[in-house]
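Trainee: Sending over a structure as structure tokens; questions will come in a sec.
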Amino acid sequence: MLSHKLVAIGGISISNAETLIAEGADGIAMISDISKSENPDARAREWVELFENFPG
């Protein structure tokens with residue numbers, strides 16, 4: 001049996017990331033959420049904080 005990873009891509013934001021991971025996504029792509037932010041550096045730090053504090 002093959003094992004596949006599930007990666008969520010498209011429309012990913014901090015507000016929906018926790019749900020996606022909790023529902024089984026092995027990874028997420030949050031390119032637009034960072035690159036289209038008014039302050040990409042601050043937004044990237046928010047993502048790092050989310051991952052550092054995520055249970056599991």
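How things are named: the first chain in the structure tokens is A, the next is B, and so on; residues count from 1 in each chain; ligands count from 1 in the order shown.
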Can you tell me, as a PyMOL selection string, which residues in chain A count as strand (DSSP E) by DSSP?
Mentor: chain A and resi 7-9+27-29
Trainee: Those selected residues, please, written with C-alpha atoms and delivered as a PDB file, in the first residue's frame.
Mentor:
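So out-v7.pdb came out as:
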```pdb
ATOM      1  CA  VAL A   7      -0.832  19.126   1.634  1.00  0.00           C
ATOM      2  CA  ALA A   8      -3.391  21.934   1.750  1.00  0.00           C
ATOM      3  CA  ILE A   9      -2.761  24.715  -0.759  1.00  0.00           C
ATOM      4  CA  GLY A  27       1.469  20.302   5.482  1.00  0.00           C
ATOM      5  CA  ILE A  28       0.123  23.642   4.331  1.00  0.00           C
ATOM      6  CA  ALA A  29       1.249  26.255   1.805  1.00  0.00           C
TER       7      ALA A  29
END
```
Trainee: Please measure the separation of atom CA of A:Leu20 and atom CA of A:Leu6, giving the value in Å to one decimal.
Mentor: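 It comes out at 10.2 Å.
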Trainee: Could you check the closest approach to A:Ser32 for each of A:Gly11, A:Phe51, A:Ala44, A:Thr19 and tell me which residue wins, using only C-alpha atoms?
Mentor: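 So, comparing all the options, the nearest one is A:Gly11.
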Trainee: Nearest residue to A:Pro55 out of A:Lys5, A:Arg43, A:Lys36, A:Glu18, using only C-alpha atoms?
Mentor: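 Nearest candidate to A:Pro55 out of A:Lys5, A:Arg43, A:Lys36, A:Glu18: A:Glu18.
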Trainee: At what distance in Å, to one decimal, does atom CA of A:His4 lie from atom CA of A:Asn16?
Mentor: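 Interatomic distance, atom CA of A:Asn16 to atom CA of A:His4: 22.2 Å.
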Trainee: Considering only helix (DSSP H, G or I) as DSSP defines it on the backbone, what residues of chain A qualify? List them as a PyMOL selection string.
Mentor: chain A and resi 14-22+31-35+40-53
Trainee: Quick one: write out the picked residues with N, CA and C atoms as a PDB file, in the first residue's frame?
Mentor:
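Below is the file that was written, again_33.pdb:
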```
ATOM      1  N   ILE A  14      -3.967  32.190   8.553  1.00  0.00           N
ATOM      2  CA  ILE A  14      -3.809  31.819   9.957  1.00  0.00           C
ATOM      3  C   ILE A  14      -5.161  31.427  10.555  1.00  0.00           C
ATOM      4  N   SER A  15      -6.216  32.050  10.091  1.00  0.00           N
ATOM      5  CA  SER A  15      -7.532  31.760  10.666  1.00  0.00           C
ATOM      6  C   SER A  15      -8.045  30.363  10.338  1.00  0.00           C
ATOM      7  N   ASN A  16      -7.553  29.728   9.277  1.00  0.00           N
ATOM      8  CA  ASN A  16      -8.026  28.373   8.964  1.00  0.00           C
ATOM      9  C   ASN A  16      -6.939  27.304   9.066  1.00  0.00           C
ATOM     10  N   ALA A  17      -5.728  27.685   9.358  1.00  0.00           N
ATOM     11  CA  ALA A  17      -4.611  26.735   9.395  1.00  0.00           C
ATOM     12  C   ALA A  17      -4.769  25.678  10.480  1.00  0.00           C
ATOM     13  N   GLU A  18      -5.157  26.074  11.666  1.00  0.00           N
ATOM     14  CA  GLU A  18      -5.289  25.104  12.758  1.00  0.00           C
ATOM     15  C   GLU A  18      -6.320  24.032  12.420  1.00  0.00           C
ATOM     16  N   THR A  19      -7.419  24.428  11.815  1.00  0.00           N
ATOM     17  CA  THR A  19      -8.452  23.465  11.427  1.00  0.00           C
ATOM     18  C   THR A  19      -7.917  22.496  10.389  1.00  0.00           C
ATOM     19  N   LEU A  20      -7.200  23.002   9.399  1.00  0.00           N
ATOM     20  CA  LEU A  20      -6.658  22.138   8.349  1.00  0.00           C
ATOM     21  C   LEU A  20      -5.696  21.101   8.921  1.00  0.00           C
ATOM     22  N   ILE A  21      -4.836  21.533   9.813  1.00  0.00           N
ATOM     23  CA  ILE A  21      -3.880  20.603  10.416  1.00  0.00           C
ATOM     24  C   ILE A  21      -4.612  19.609  11.316  1.00  0.00           C
ATOM     25  N   ALA A  22      -5.554  20.096  12.101  1.00  0.00           N
ATOM     26  CA  ALA A  22      -6.313  19.216  12.992  1.00  0.00           C
ATOM     27  C   ALA A  22      -7.123  18.183  12.212  1.00  0.00           C
ATOM     28  N   ILE A  31       1.663  30.747   1.032  1.00  0.00           N
ATOM     29  CA  ILE A  31       2.437  31.731   0.274  1.00  0.00           C
ATOM     30  C   ILE A  31       1.728  33.087   0.188  1.00  0.00           C
ATOM     31  N   SER A  32       0.504  33.100  -0.322  1.00  0.00           N
ATOM     32  CA  SER A  32      -0.208  34.369  -0.513  1.00  0.00           C
ATOM     33  C   SER A  32      -0.489  35.079   0.798  1.00  0.00           C
ATOM     34  N   ASP A  33      -0.760  34.324   1.844  1.00  0.00           N
ATOM     35  CA  ASP A  33      -1.052  34.953   3.130  1.00  0.00           C
ATOM     36  C   ASP A  33       0.133  35.785   3.605  1.00  0.00           C
ATOM     37  N   ILE A  34       1.334  35.328   3.319  1.00  0.00           N
ATOM     38  CA  ILE A  34       2.530  36.080   3.705  1.00  0.00           C
ATOM     39  C   ILE A  34       2.863  37.137   2.658  1.00  0.00           C
ATOM     40  N   SER A  35       2.922  36.746   1.391  1.00  0.00           N
ATOM     41  CA  SER A  35       3.397  37.666   0.354  1.00  0.00           C
ATOM     42  C   SER A  35       2.444  38.830   0.095  1.00  0.00           C
ATOM     43  N   PRO A  40       4.900  41.516   5.459  1.00  0.00           N
ATOM     44  CA  PRO A  40       5.225  40.094   5.326  1.00  0.00           C
ATOM     45  C   PRO A  40       6.118  39.552   6.441  1.00  0.00           C
ATOM     46  N   ASP A  41       7.061  40.351   6.926  1.00  0.00           N
ATOM     47  CA  ASP A  41       7.939  39.882   8.004  1.00  0.00           C
ATOM     48  C   ASP A  41       7.139  39.573   9.269  1.00  0.00           C
ATOM     49  N   ALA A  42       6.257  40.474   9.633  1.00  0.00           N
ATOM     50  CA  ALA A  42       5.435  40.263  10.825  1.00  0.00           C
ATOM     51  C   ALA A  42       4.501  39.073  10.632  1.00  0.00           C
ATOM     52  N   ARG A  43       3.952  38.937   9.434  1.00  0.00           N
ATOM     53  CA  ARG A  43       3.039  37.823   9.171  1.00  0.00           C
ATOM     54  C   ARG A  43       3.783  36.497   9.248  1.00  0.00           C
ATOM     55  N   ALA A  44       4.991  36.447   8.720  1.00  0.00           N
ATOM     56  CA  ALA A  44       5.790  35.220   8.802  1.00  0.00           C
ATOM     57  C   ALA A  44       6.079  34.866  10.256  1.00  0.00           C
ATOM     58  N   ARG A  45       6.346  35.871  11.085  1.00  0.00           N
ATOM     59  CA  ARG A  45       6.568  35.617  12.515  1.00  0.00           C
ATOM     60  C   ARG A  45       5.308  35.059  13.178  1.00  0.00           C
ATOM     61  N   GLU A  46       4.138  35.530  12.754  1.00  0.00           N
ATOM     62  CA  GLU A  46       2.886  34.986  13.286  1.00  0.00           C
ATOM     63  C   GLU A  46       2.759  33.501  12.939  1.00  0.00           C
ATOM     64  N   TRP A  47       3.157  33.136  11.728  1.00  0.00           N
ATOM     65  CA  TRP A  47       3.116  31.726  11.315  1.00  0.00           C
ATOM     66  C   TRP A  47       4.074  30.891  12.150  1.00  0.00           C
ATOM     67  N   VAL A  48       5.265  31.406  12.375  1.00  0.00           N
ATOM     68  CA  VAL A  48       6.244  30.677  13.192  1.00  0.00           C
ATOM     69  C   VAL A  48       5.682  30.462  14.588  1.00  0.00           C
ATOM     70  N   GLU A  49       5.094  31.496  15.158  1.00  0.00           N
ATOM     71  CA  GLU A  49       4.504  31.381  16.494  1.00  0.00           C
ATOM     72  C   GLU A  49       3.375  30.343  16.507  1.00  0.00           C
ATOM     73  N   LEU A  50       2.551  30.338  15.475  1.00  0.00           N
ATOM     74  CA  LEU A  50       1.470  29.357  15.395  1.00  0.00           C
ATOM     75  C   LEU A  50       2.028  27.939  15.412  1.00  0.00           C
ATOM     76  N   PHE A  51       3.047  27.687  14.600  1.00  0.00           N
ATOM     77  CA  PHE A  51       3.620  26.342  14.529  1.00  0.00           C
ATOM     78  C   PHE A  51       4.338  25.957  15.816  1.00  0.00           C
ATOM     79  N   GLU A  52       5.012  26.909  16.436  1.00  0.00           N
ATOM     80  CA  GLU A  52       5.721  26.610  17.682  1.00  0.00           C
ATOM     81  C   GLU A  52       4.755  26.267  18.817  1.00  0.00           C
ATOM     82  N   ASN A  53       3.566  26.843  18.783  1.00  0.00           N
ATOM     83  CA  ASN A  53       2.598  26.636  19.860  1.00  0.00           C
ATOM     84  C   ASN A  53       1.523  25.612  19.530  1.00  0.00           C
TER      85      ASN A  53
END
```
